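Below is one structure, written out as structure tokens; the observations come after it.
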There are 2 protein chains.
Amino acid sequence: MAETRKLTLSPRQTADFEMIANGGFAPLTGFLGEADWRSSCEDMKLTSGDIWPIPVTLATDLECEVGDTIELSASDDKPLGRMTVTEIFERDIDFEAENVYRTTDDEHPGVAAIREEGTRCVAGPIEADALPNHIDPVTPHLLSPEETKKAFADRGWKRVVAFQTRNPIHRAHEYLTKAALEICDGLLIHPIVGETKSDDIPADVRIACYEVLMKDYYPEDRVLLGVNPSAMRYAGPREAVLHAIVRRNYGCTHFIVGRDHAGVGDYYGTYDAQLIFEDIDPQELGITPLFFEHSFWCKKCEGMASGKTCPHDSSDHVFLSGTKVREMLGEGEMPPPEFSRPEVAQILIDSYRNAG
Amino acid sequence: MAETRKLTLSPRQTADFEMIANGGFAPLTGFLGEADWRSSCEDMKLTSGDIWPIPVTLATDLECEVGDTIELSASDDKPLGRMTVTEIFERDIDFEAENVYRTTDDEHPGVAAIREEGTRCVAGPIEADALPNHIDPVTPHLLSPEETKKAFADRGWKRVVAFQTRNPIHRAHEYLTKAALEICDGLLIHPIVGETKSDDIPADVRIACYEVLMKDYYPEDRVLLGVNPSAMRYAGPREAVLHAIVRRNYGCTHFIVGRDHAGVGDYYGTYDAQLIFEDIDPQELGITPLFFEHSFWCKKCEGMASGKTCPHDSSDHVFLSGTKVREMLGEGEMPPPEFSRPEVAQILIDSYRNAG
């Protein structure tokens with residue numbers, strides 16, 4: 001006889017629940033069963049034929065059987081809704097890791113995460129009563145796909161480009177977003193605010209950086225700040241495709257793919273996350289990827305540029321390594337304004353000071 | 001009995017001959033007959049269904065009959081080839097003007113040109129033995145559609161954006177081309193060098209400006225300078241579509257459409273040349289238009305920007321009217337480097353000095 005069970009989701013599972021519930025992971029309506037899991041791993045597609053590059057599964061040791069109902073709570077115990085169990089299966093972690101992450105190395109944070117979750121997956125459609133809570137700085141920017149689509153329509157935006165980020169926006173990324181905006185009607189700045197690596201800059205600090213840029217450097221009638229509640233997988237190329245699909249679901253027509261998009265360590269080639277789109281029909285994907293190079297201030301160009309648009313020597317470029325920037329900010333030193341807007345740098349300096 | 005006639009083409013007809021002969025006006029293979037002329041005027045399409053926004057006809061009083069061969073010479077008497085007369089018809093100039101130019105006003109240079117050409121059109125396929133001569137500064141940049149396509153393939157460029165211009169490139173247009181290049185693999189700077197209005201800057205001066213920019217401000221592995229031998233029609237929106245088709249024929253995938261593209265005086269609304277593409281399927285057109293705003297240096301952004309990407313007040317922008325720039329250059333005064341590269345400004349100052 002079918003029973004009712006209870007499960008508290010991990011932060012990552014909570015984020016997946018939210019994305020399935022709010023339509024950000026459409027066409028998914030629940031956690032994947034074995035056939036879809038395998039098809040997604042092997043072919044980047046669901047059994048329906050829809051492109052789906054990273055399987056979204058619910059791994060748990062919870063005692064349950066097919067037909068049971070599982071009442072789901074967020075990681076902070078907020079009741080979210082329920083799942084009807086339609087299938088229980090064992091996944092092969094190495095197979096998933098090799099296909100999706102291109103490595104089985106446990107040092108890879110995405111691989112480590114699925115290994116920690118375990119092999120036993122419980123699948124089925126979900127029913128949402130509520131969405132997870134978020135930290136106060138994030139809450140005002142929580143827009144569902146339905147809400148961003150309405151916002152775009154209200155503003156008359158037909159071409160909308162989305163920018164995914166898990167970092168503060170320095171001038172290099174501001175430049176990419178503005179170059180893309182020049183050929184669109186609107187820009188959705190869409191930082192990921194689900195679980196990230198512990199050494200990534202926390203969401204509250206990043207949100208403060210985005211807000212000051214929205215106030216001082218982006219025109220409010222052309223730029224919208226939302227958030228993507230997903231957890232990072234660091235799956236590089238496969239995650240770039242997932243990030244594009246998510247933004248299609250939020251109503252965007254174009255998506256910025258930089259170098260090393262969603263990568264970590266040395267697991268992916270610099271352009272892998274761009275090359276993967278060569279085999280994907282943009283019509284089928286439903287969104288057009290825009291590929292960008294690293295950019296910088298060039299003293300001879302007297303402007304922002306990239307290797308594509310600047311003919312000058314690298315000695316003419318204002319370049320700071322990530323390590324150097326963190327060092328400067330940690331010591332309370334402002335990076336040059338050609339690298340970072342002073343307002344953004346100040347927020348980061350304050351954050352390092354408070355953390356120290 | 002069919003006879004052989006001789007005709008010396010006007011500069012504008014010479015340019016049309018070149019564009020038909022080199023494939024720049026594909027699918028055209030000759031000067032249009034009445035059905036295609038009417039269909040192009042009324043529906044922006046040839047009778048074959050191909051999009052064709054401005055009819056290309058050969059108006060002449062030359063005595064001839066259907067079946068005759070006309071030996072064609074360029075305006076400088078260079079023999080070019082021949083046309084077989086398949087049809088002779090009278091066109092309604094006001095009908096053409098109203099449909100294509102949206103005005104019958106003789107002050108409009110495009111309307112004035114067709115009125116001067118007259119109503120009697122001789123139609124038929126052409127056979128080319130040679131292409132027209134060009135002035136020395138233009139000749140090195142004469143690349144046929146076949147040659148630009150090969151150049152793109154040799155460089156491995158898949159996404160190539162074309163920039164049409166009949167002006168020197170100041171920083172505003174350099175910015176548009178570079179923003180577009182950021183999302184493409186290559187840029188074709190493709191100035192029109194056929195007949196332009198007498199108050200437009202002559203092609204030789206413009207070519208010198210483009211060459212200095214190619215040398216100092218564009219990376220040679222990403223940017224190609226060609227020329228479009230067409231004559232300007234100043235037909236605004238319809239000509240924007242023709243300009244896009246021509247660049248498709250030269251192998252480009254994207255085409256920059258600015259505000260007031262190919263416009264003159266106050267005949268067209270600021271955005272008419274962008275809005276016309278709303279009713280055209282880019283797949284059918286074979287090239288994707290990219291729409292841009294006017295751009296400028298913003299002191300607060302500390303960079304180039306447009307109304308789309310800059311939130312600051314116009315008092316923060318470096319803006320010079322066309323009249324003001326001509327005045328400064330005429331007096332040998334350099335515009336600010338945020339408006340024009342000093343190397344370009346110097347060429348224009350020298351040209352004004354020599355002309356004066």
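Naming works like this for the structure tokens: A, B, ... for the chains as they're shown, residue 1 at the start of each chain, ligands 1 onward in shown order.
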Please, which residues of chain B lie no more than 9 Å from chain A when the count uses only C-alpha atoms, and can they be set out as a compact mmCIF listing (two decimals) with all heavy atoms, in the first residue's frame?
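As a result, result12.txt now contains:
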# COMPACT_ATOMS: atom_id res chain seq x y z
N LEU B 176 30.63 50.43 -33.21
CA LEU B 176 29.59 49.51 -33.71
C LEU B 176 30.23 48.28 -34.36
O LEU B 176 29.82 47.15 -34.12
CB LEU B 176 28.70 50.17 -34.77
CG LEU B 176 27.96 51.45 -34.45
CD1 LEU B 176 26.94 51.73 -35.54
CD2 LEU B 176 27.27 51.31 -33.10
N LYS B 178 33.12 47.03 -33.90
CA LYS B 178 33.82 46.16 -32.94
C LYS B 178 32.85 45.44 -32.02
O LYS B 178 33.09 44.28 -31.66
CB LYS B 178 34.86 46.97 -32.16
CG LYS B 178 36.04 47.37 -33.05
CD LYS B 178 37.17 48.02 -32.29
CE LYS B 178 38.41 48.15 -33.19
NZ LYS B 178 39.53 48.82 -32.50
N ALA B 179 31.76 46.09 -31.65
CA ALA B 179 30.75 45.39 -30.85
C ALA B 179 30.20 44.21 -31.65
O ALA B 179 30.03 43.11 -31.12
CB ALA B 179 29.62 46.34 -30.44
N ALA B 180 29.94 44.43 -32.93
CA ALA B 180 29.43 43.35 -33.79
C ALA B 180 30.49 42.27 -33.97
O ALA B 180 30.18 41.07 -33.93
CB ALA B 180 29.00 43.91 -35.14
N LEU B 181 31.74 42.68 -34.13
CA LEU B 181 32.82 41.71 -34.30
C LEU B 181 32.97 40.82 -33.06
O LEU B 181 33.32 39.65 -33.17
CB LEU B 181 34.14 42.43 -34.62
CG LEU B 181 35.40 41.56 -34.73
CD1 LEU B 181 35.22 40.42 -35.73
CD2 LEU B 181 36.61 42.41 -35.10
N GLU B 182 32.69 41.39 -31.88
CA GLU B 182 32.83 40.59 -30.65
C GLU B 182 31.98 39.32 -30.72
O GLU B 182 32.34 38.30 -30.14
CB GLU B 182 32.45 41.40 -29.40
CG GLU B 182 33.41 42.53 -29.05
CD GLU B 182 34.81 42.07 -28.64
OE1 GLU B 182 35.07 40.87 -28.60
OE2 GLU B 182 35.66 42.95 -28.39
N ILE B 183 30.84 39.36 -31.40
CA ILE B 183 29.99 38.16 -31.45
C ILE B 183 30.15 37.40 -32.77
O ILE B 183 29.42 36.45 -33.03
CB ILE B 183 28.50 38.50 -31.23
CG1 ILE B 183 27.96 39.40 -32.35
CG2 ILE B 183 28.28 39.17 -29.88
CD1 ILE B 183 26.54 39.09 -32.70
N CYS B 184 31.10 37.83 -33.61
CA CYS B 184 31.34 37.13 -34.88
C CYS B 184 32.80 36.66 -34.92
O CYS B 184 33.55 36.87 -33.99
CB CYS B 184 31.04 38.07 -36.06
SG CYS B 184 29.28 38.41 -36.24
N ASP B 185 33.17 36.02 -36.03
CA ASP B 185 34.56 35.61 -36.20
C ASP B 185 35.35 36.64 -36.99
O ASP B 185 36.58 36.72 -36.87
CB ASP B 185 34.63 34.28 -36.96
CG ASP B 185 33.79 33.21 -36.29
OD1 ASP B 185 33.88 33.08 -35.06
OD2 ASP B 185 33.03 32.52 -37.00
N GLY B 186 34.66 37.38 -37.84
CA GLY B 186 35.35 38.34 -38.69
C GLY B 186 34.45 39.49 -39.08
O GLY B 186 33.21 39.41 -38.96
N LYS B 215 45.35 49.66 -40.29
CA LYS B 215 46.75 49.54 -39.87
C LYS B 215 46.89 49.70 -38.35
O LYS B 215 47.62 48.94 -37.71
CB LYS B 215 47.56 50.62 -40.60
CG LYS B 215 49.06 50.60 -40.36
CD LYS B 215 49.72 51.60 -41.30
CE LYS B 215 50.80 52.44 -40.65
NZ LYS B 215 50.48 53.18 -39.44
N ASP B 216 46.19 50.67 -37.79
CA ASP B 216 46.45 51.03 -36.39
C ASP B 216 45.40 50.58 -35.38
O ASP B 216 45.69 50.52 -34.18
CB ASP B 216 46.61 52.56 -36.26
CG ASP B 216 47.86 53.07 -36.94
OD1 ASP B 216 48.74 52.23 -37.23
OD2 ASP B 216 47.96 54.28 -37.18
N TYR B 217 44.18 50.29 -35.83
CA TYR B 217 43.12 50.05 -34.84
C TYR B 217 42.30 48.78 -35.04
O TYR B 217 41.46 48.46 -34.20
CB TYR B 217 42.19 51.27 -34.76
CG TYR B 217 42.89 52.48 -34.21
CD1 TYR B 217 43.38 53.49 -35.05
CD2 TYR B 217 43.12 52.61 -32.84
CE1 TYR B 217 44.05 54.59 -34.54
CE2 TYR B 217 43.80 53.70 -32.32
CZ TYR B 217 44.25 54.69 -33.18
OH TYR B 217 44.92 55.77 -32.67
N TYR B 218 42.48 48.09 -36.16
CA TYR B 218 41.77 46.82 -36.34
C TYR B 218 42.80 45.69 -36.46
O TYR B 218 43.82 45.86 -37.12
CB TYR B 218 40.92 46.84 -37.62
CG TYR B 218 39.65 47.66 -37.55
CD1 TYR B 218 39.56 48.91 -38.17
CD2 TYR B 218 38.53 47.17 -36.89
CE1 TYR B 218 38.38 49.65 -38.12
CE2 TYR B 218 37.35 47.91 -36.84
CZ TYR B 218 37.28 49.15 -37.46
OH TYR B 218 36.12 49.88 -37.42
N PRO B 219 42.52 44.52 -35.85
CA PRO B 219 43.45 43.40 -36.00
C PRO B 219 43.33 42.78 -37.39
O PRO B 219 42.21 42.49 -37.83
CB PRO B 219 43.01 42.40 -34.93
CG PRO B 219 41.72 42.88 -34.39
CD PRO B 219 41.37 44.19 -35.01
N GLU B 220 44.45 42.60 -38.08
CA GLU B 220 44.37 42.19 -39.48
C GLU B 220 43.86 40.76 -39.66
O GLU B 220 43.37 40.41 -40.72
CB GLU B 220 45.71 42.37 -40.21
CG GLU B 220 46.84 41.57 -39.62
CD GLU B 220 48.15 41.77 -40.41
OE1 GLU B 220 48.13 42.41 -41.47
OE2 GLU B 220 49.18 41.27 -39.93
N ASP B 221 43.95 39.94 -38.60
CA ASP B 221 43.46 38.58 -38.74
C ASP B 221 41.96 38.46 -38.51
O ASP B 221 41.40 37.37 -38.57
CB ASP B 221 44.22 37.63 -37.80
CG ASP B 221 44.05 38.02 -36.34
OD1 ASP B 221 43.74 39.20 -36.06
OD2 ASP B 221 44.22 37.14 -35.47
N ARG B 222 41.31 39.57 -38.21
CA ARG B 222 39.88 39.54 -37.94
C ARG B 222 39.07 40.49 -38.82
O ARG B 222 37.84 40.50 -38.77
CB ARG B 222 39.61 39.95 -36.48
CG ARG B 222 40.09 38.95 -35.46
CD ARG B 222 39.21 37.71 -35.45
NE ARG B 222 39.58 36.81 -34.37
CZ ARG B 222 38.93 35.69 -34.10
NH1 ARG B 222 37.91 35.32 -34.85
NH2 ARG B 222 39.31 34.92 -33.12
N VAL B 223 39.76 41.34 -39.58
CA VAL B 223 39.06 42.39 -40.31
C VAL B 223 39.56 42.44 -41.74
O VAL B 223 40.77 42.38 -41.99
CB VAL B 223 39.26 43.77 -39.64
CG1 VAL B 223 38.43 44.84 -40.34
CG2 VAL B 223 38.88 43.70 -38.15
N LEU B 290 21.80 43.20 -37.71
CA LEU B 290 22.09 43.61 -36.33
C LEU B 290 21.80 45.10 -36.24
O LEU B 290 22.34 45.89 -37.01
CB LEU B 290 23.57 43.36 -35.99
CG LEU B 290 24.08 41.92 -36.08
CD1 LEU B 290 25.59 41.87 -35.78
CD2 LEU B 290 23.33 41.00 -35.14
N PHE B 291 20.93 45.46 -35.31
CA PHE B 291 20.46 46.85 -35.24
C PHE B 291 21.23 47.63 -34.18
O PHE B 291 21.36 47.19 -33.04
CB PHE B 291 18.96 46.87 -34.90
CG PHE B 291 18.15 46.08 -35.88
CD1 PHE B 291 17.34 45.04 -35.46
CD2 PHE B 291 18.22 46.35 -37.24
CE1 PHE B 291 16.59 44.30 -36.36
CE2 PHE B 291 17.48 45.62 -38.16
CZ PHE B 291 16.66 44.58 -37.71
N PHE B 292 21.69 48.80 -34.56
CA PHE B 292 22.48 49.62 -33.64
C PHE B 292 21.89 51.02 -33.47
O PHE B 292 21.22 51.54 -34.37
CB PHE B 292 23.91 49.75 -34.15
CG PHE B 292 24.75 48.53 -33.88
CD1 PHE B 292 24.85 47.52 -34.81
CD2 PHE B 292 25.42 48.40 -32.68
CE1 PHE B 292 25.62 46.39 -34.56
CE2 PHE B 292 26.19 47.28 -32.41
CZ PHE B 292 26.29 46.27 -33.35
N GLU B 293 22.20 51.60 -32.32
CA GLU B 293 21.87 52.99 -32.00
C GLU B 293 23.07 53.89 -32.31
O GLU B 293 24.19 53.40 -32.46
CB GLU B 293 21.57 53.11 -30.50
CG GLU B 293 20.29 52.45 -30.07
CD GLU B 293 19.10 53.29 -30.46
OE1 GLU B 293 19.22 54.53 -30.55
OE2 GLU B 293 18.04 52.70 -30.70
N LYS B 300 31.37 59.51 -18.08
CA LYS B 300 31.12 58.76 -16.84
C LYS B 300 31.33 57.26 -17.05
O LYS B 300 31.83 56.58 -16.17
CB LYS B 300 29.71 59.05 -16.32
CG LYS B 300 29.61 60.42 -15.68
CD LYS B 300 28.54 60.46 -14.61
CE LYS B 300 28.59 61.80 -13.88
NZ LYS B 300 27.27 62.23 -13.40
N CYS B 301 30.89 56.74 -18.20
CA CYS B 301 31.17 55.33 -18.51
C CYS B 301 32.67 55.12 -18.74
O CYS B 301 33.17 54.01 -18.63
CB CYS B 301 30.44 54.88 -19.78
SG CYS B 301 28.65 54.69 -19.61
N GLU B 302 33.37 56.18 -19.07
CA GLU B 302 34.76 56.08 -19.51
C GLU B 302 34.90 55.07 -20.63
O GLU B 302 35.71 54.13 -20.57
CB GLU B 302 35.69 55.76 -18.34
CG GLU B 302 35.79 56.94 -17.38
CD GLU B 302 36.78 56.70 -16.25
OE1 GLU B 302 37.25 55.57 -16.10
OE2 GLU B 302 37.07 57.68 -15.53
N GLY B 303 34.09 55.26 -21.65
CA GLY B 303 34.14 54.36 -22.78
C GLY B 303 33.10 54.75 -23.81
O GLY B 303 32.29 55.66 -23.59
N MET B 304 33.13 54.04 -24.95
CA MET B 304 32.11 54.23 -25.96
C MET B 304 30.83 53.55 -25.48
O MET B 304 30.87 52.52 -24.81
CB MET B 304 32.54 53.63 -27.29
CG MET B 304 33.78 54.26 -27.91
SD MET B 304 33.59 56.03 -28.33
CE MET B 304 32.23 55.94 -29.51
N ALA B 305 29.70 54.11 -25.86
CA ALA B 305 28.41 53.55 -25.44
C ALA B 305 27.34 54.10 -26.35
O ALA B 305 27.61 54.91 -27.24
CB ALA B 305 28.12 53.92 -23.99
N SER B 306 26.12 53.63 -26.14
CA SER B 306 24.98 54.15 -26.89
C SER B 306 23.85 54.42 -25.90
O SER B 306 23.98 54.12 -24.71
CB SER B 306 24.52 53.13 -27.92
OG SER B 306 23.77 52.12 -27.28
N GLY B 307 22.76 54.95 -26.40
CA GLY B 307 21.59 55.16 -25.56
C GLY B 307 21.09 53.87 -24.93
O GLY B 307 20.41 53.88 -23.92
N LYS B 308 21.45 52.75 -25.55
CA LYS B 308 21.04 51.46 -25.00
C LYS B 308 21.88 51.04 -23.80
O LYS B 308 21.42 50.28 -22.96
CB LYS B 308 21.23 50.37 -26.07
CG LYS B 308 20.06 50.11 -26.95
CD LYS B 308 20.38 48.86 -27.76
CE LYS B 308 19.43 48.66 -28.88
NZ LYS B 308 19.91 47.60 -29.79
N THR B 309 23.14 51.46 -23.79
CA THR B 309 24.07 50.90 -22.80
C THR B 309 24.59 51.92 -21.80
O THR B 309 25.28 51.55 -20.85
CB THR B 309 25.29 50.26 -23.51
OG1 THR B 309 25.85 51.20 -24.42
CG2 THR B 309 24.87 49.02 -24.28
N CYS B 310 24.27 53.20 -21.99
CA CYS B 310 24.77 54.24 -21.09
C CYS B 310 23.60 54.88 -20.36
O CYS B 310 22.64 55.33 -20.99
CB CYS B 310 25.52 55.30 -21.89
SG CYS B 310 25.78 56.83 -20.97
N PRO B 311 23.67 54.97 -19.02
CA PRO B 311 22.57 55.56 -18.26
C PRO B 311 22.76 57.06 -17.99
O PRO B 311 21.91 57.67 -17.36
CB PRO B 311 22.62 54.79 -16.93
CG PRO B 311 24.07 54.49 -16.74
CD PRO B 311 24.68 54.36 -18.13
N HIS B 312 23.85 57.64 -18.48
CA HIS B 312 24.18 59.00 -18.04
C HIS B 312 23.56 60.06 -18.93
O HIS B 312 23.05 59.79 -20.01
CB HIS B 312 25.72 59.13 -17.98
CG HIS B 312 26.34 58.08 -17.10
ND1 HIS B 312 27.22 57.14 -17.58
CD2 HIS B 312 26.13 57.79 -15.80
CE1 HIS B 312 27.56 56.32 -16.58
NE2 HIS B 312 26.91 56.70 -15.50
N GLU B 338 38.23 61.28 -28.53
CA GLU B 338 37.07 60.46 -28.21
C GLU B 338 36.07 60.48 -29.36
O GLU B 338 35.16 59.66 -29.41
CB GLU B 338 36.36 60.96 -26.94
CG GLU B 338 37.17 60.81 -25.67
CD GLU B 338 38.09 61.99 -25.42
OE1 GLU B 338 38.13 62.92 -26.27
OE2 GLU B 338 38.80 61.97 -24.41
Using DSSP on the backbone coordinates, identify all residues within region 95-125 of chain B classified as alpha helix (DSSP H); present the result as a VMD selection string.
chain B and resid 95 to 96 109 to 117
Quick one, how far is CA of Pro335 (chain A) from CA of Asp266 (chain A)?
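So the two atoms, CA of Pro335 (chain A) and CA of Asp266 (chain A), lie 26.6 Å apart.
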What is the CA of Ile126 (chain B) to CA of Thr14 (chain B) distance in Å?
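These atoms are spaced 12.2 Å apart.
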Could you work out how far CA of Leu58 (chain A) lies from CA of Gln13 (chain A), giving the answer in Å with one decimal?
6.9 Å
Skip Tyr268 (chain B) itself and residues of its chain fewer than 2 positions away, then list as a PyMOL selection string all residues within 12 Å of it, counting only C-alpha atoms.
chain B and resi 100-103+108+234-240+259-266+270-276
For the residues in that selection, give me N, CA and C atoms as a PDB file, in the first residue's frame.
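File selection-v5.pdb, as written:
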ATOM      1  N   VAL B 100       9.312  52.672 -53.853  1.00  0.00           N
ATOM      2  CA  VAL B 100      10.687  52.344 -53.453  1.00  0.00           C
ATOM      3  C   VAL B 100      11.264  53.421 -52.534  1.00  0.00           C
ATOM      4  N   TYR B 101      11.010  54.698 -52.885  1.00  0.00           N
ATOM      5  CA  TYR B 101      11.634  55.796 -52.152  1.00  0.00           C
ATOM      6  C   TYR B 101      10.689  56.453 -51.147  1.00  0.00           C
ATOM      7  N   ARG B 102       9.429  56.060 -51.185  1.00  0.00           N
ATOM      8  CA  ARG B 102       8.383  56.592 -50.300  1.00  0.00           C
ATOM      9  C   ARG B 102       8.145  58.082 -50.528  1.00  0.00           C
ATOM     10  N   THR B 103       8.572  58.579 -51.675  1.00  0.00           N
ATOM     11  CA  THR B 103       8.348  59.981 -52.010  1.00  0.00           C
ATOM     12  C   THR B 103       8.494  60.135 -53.527  1.00  0.00           C
ATOM     13  N   HIS B 108      14.780  64.489 -53.702  1.00  0.00           N
ATOM     14  CA  HIS B 108      15.383  63.241 -53.234  1.00  0.00           C
ATOM     15  C   HIS B 108      16.373  62.759 -54.300  1.00  0.00           C
ATOM     16  N   TYR B 234      20.074  56.066 -51.794  1.00  0.00           N
ATOM     17  CA  TYR B 234      19.500  56.854 -50.694  1.00  0.00           C
ATOM     18  C   TYR B 234      18.047  56.480 -50.443  1.00  0.00           C
ATOM     19  N   ALA B 235      17.739  55.193 -50.651  1.00  0.00           N
ATOM     20  CA  ALA B 235      16.350  54.736 -50.509  1.00  0.00           C
ATOM     21  C   ALA B 235      16.030  54.284 -49.085  1.00  0.00           C
ATOM     22  N   GLY B 236      16.895  54.607 -48.133  1.00  0.00           N
ATOM     23  CA  GLY B 236      16.596  54.326 -46.725  1.00  0.00           C
ATOM     24  C   GLY B 236      16.270  52.863 -46.468  1.00  0.00           C
ATOM     25  N   PRO B 237      15.047  52.583 -45.951  1.00  0.00           N
ATOM     26  CA  PRO B 237      14.704  51.206 -45.564  1.00  0.00           C
ATOM     27  C   PRO B 237      14.872  50.195 -46.691  1.00  0.00           C
ATOM     28  N   ARG B 238      14.383  50.504 -47.899  1.00  0.00           N
ATOM     29  CA  ARG B 238      14.523  49.553 -49.010  1.00  0.00           C
ATOM     30  C   ARG B 238      15.989  49.313 -49.339  1.00  0.00           C
ATOM     31  N   GLU B 239      16.796  50.368 -49.230  1.00  0.00           N
ATOM     32  CA  GLU B 239      18.208  50.195 -49.551  1.00  0.00           C
ATOM     33  C   GLU B 239      18.939  49.420 -48.451  1.00  0.00           C
ATOM     34  N   ALA B 240      18.463  49.541 -47.210  1.00  0.00           N
ATOM     35  CA  ALA B 240      19.057  48.735 -46.138  1.00  0.00           C
ATOM     36  C   ALA B 240      18.891  47.250 -46.470  1.00  0.00           C
ATOM     37  N   ARG B 259      20.974  53.567 -37.296  1.00  0.00           N
ATOM     38  CA  ARG B 259      19.851  54.484 -37.417  1.00  0.00           C
ATOM     39  C   ARG B 259      20.004  55.233 -38.729  1.00  0.00           C
ATOM     40  N   ASP B 260      18.865  55.578 -39.356  1.00  0.00           N
ATOM     41  CA  ASP B 260      18.895  56.364 -40.605  1.00  0.00           C
ATOM     42  C   ASP B 260      19.741  55.712 -41.687  1.00  0.00           C
ATOM     43  N   HIS B 261      19.797  54.384 -41.692  1.00  0.00           N
ATOM     44  CA  HIS B 261      20.625  53.681 -42.676  1.00  0.00           C
ATOM     45  C   HIS B 261      20.207  54.052 -44.107  1.00  0.00           C
ATOM     46  N   ALA B 262      21.178  54.476 -44.910  1.00  0.00           N
ATOM     47  CA  ALA B 262      20.976  54.800 -46.321  1.00  0.00           C
ATOM     48  C   ALA B 262      19.927  55.887 -46.535  1.00  0.00           C
ATOM     49  N   GLY B 263      19.684  56.658 -45.486  1.00  0.00           N
ATOM     50  CA  GLY B 263      18.686  57.721 -45.603  1.00  0.00           C
ATOM     51  C   GLY B 263      19.302  59.012 -46.112  1.00  0.00           C
ATOM     52  N   VAL B 264      18.440  59.956 -46.355  1.00  0.00           N
ATOM     53  CA  VAL B 264      18.864  61.283 -46.807  1.00  0.00           C
ATOM     54  C   VAL B 264      17.762  62.249 -46.378  1.00  0.00           C
ATOM     55  N   GLY B 265      18.156  63.469 -46.016  1.00  0.00           N
ATOM     56  CA  GLY B 265      17.173  64.469 -45.618  1.00  0.00           C
ATOM     57  C   GLY B 265      16.244  63.945 -44.530  1.00  0.00           C
ATOM     58  N   ASP B 266      14.954  64.316 -44.631  1.00  0.00           N
ATOM     59  CA  ASP B 266      13.984  63.878 -43.629  1.00  0.00           C
ATOM     60  C   ASP B 266      12.970  62.910 -44.224  1.00  0.00           C
ATOM     61  N   THR B 270      13.737  57.742 -38.222  1.00  0.00           N
ATOM     62  CA  THR B 270      15.026  57.294 -37.688  1.00  0.00           C
ATOM     63  C   THR B 270      15.186  55.777 -37.711  1.00  0.00           C
ATOM     64  N   TYR B 271      14.113  55.053 -37.403  1.00  0.00           N
ATOM     65  CA  TYR B 271      14.215  53.595 -37.278  1.00  0.00           C
ATOM     66  C   TYR B 271      13.589  52.835 -38.443  1.00  0.00           C
ATOM     67  N   ASP B 272      13.141  53.551 -39.475  1.00  0.00           N
ATOM     68  CA  ASP B 272      12.460  52.878 -40.594  1.00  0.00           C
ATOM     69  C   ASP B 272      13.319  51.766 -41.207  1.00  0.00           C
ATOM     70  N   ALA B 273      14.619  52.022 -41.322  1.00  0.00           N
ATOM     71  CA  ALA B 273      15.501  51.042 -41.971  1.00  0.00           C
ATOM     72  C   ALA B 273      15.742  49.821 -41.078  1.00  0.00           C
ATOM     73  N   GLN B 274      15.383  49.927 -39.795  1.00  0.00           N
ATOM     74  CA  GLN B 274      15.443  48.747 -38.925  1.00  0.00           C
ATOM     75  C   GLN B 274      14.082  48.051 -38.908  1.00  0.00           C
ATOM     76  N   LEU B 275      13.015  48.866 -38.843  1.00  0.00           N
ATOM     77  CA  LEU B 275      11.663  48.294 -38.748  1.00  0.00           C
ATOM     78  C   LEU B 275      11.291  47.465 -39.973  1.00  0.00           C
ATOM     79  N   ILE B 276      11.818  47.838 -41.136  1.00  0.00           N
ATOM     80  CA  ILE B 276      11.451  47.121 -42.365  1.00  0.00           C
ATOM     81  C   ILE B 276      11.823  45.630 -42.268  1.00  0.00           C
TER      82      ILE B 276
END
Which residues are near Lys6 (chain B)? Cut-off 7 Å, only C-alpha atoms, ignore same chain within fewer than 6 positions. Put them as a PDB file with C-alpha atoms, in the first residue's frame.
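So the final result, stored in result.pdb, reads:
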ATOM      1  CA  ILE B  70      23.731  45.797 -77.225  1.00  0.00           C
ATOM      2  CA  GLU B  71      27.484  46.089 -76.768  1.00  0.00           C
ATOM      3  CA  LEU B  72      27.961  47.850 -73.436  1.00  0.00           C
TER       4      LEU B  72
END
Sel. of strand (DSSP E) residues, region 73-320 of chain A, as number ranges by chain
A: 73, 79-84, 87-90, 120-128, 160-165, 186-191, 223-225, 254-257, 288-291, 295-298, 303-306, 317-318
Which residues are near Gly67 (chain B)? Cut-off 7 Å, only C-alpha atoms, ignore same chain within fewer than 4 positions. Put them as a PyMOL selection string.
chain B and resi 2+84-86
As a PyMOL selection string, please: the residues near region 110-125 of chain A (cut-off 8 Å, only C-alpha atoms, same-chain neighbours under 2 positions excluded).
chain A and resi 29-33+57-61+83-93+97+101+103-108+127+232-235
What lies within 9 Å of Arg12 (chain A) using only C-alpha atoms, ignoring chain neighbours under 5 positions off, as a list in words?
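These residues fall inside the cut-off: Phe17, Ser75, Gly194, Glu195, Ser230, Ala231 and Met232 of chain A.
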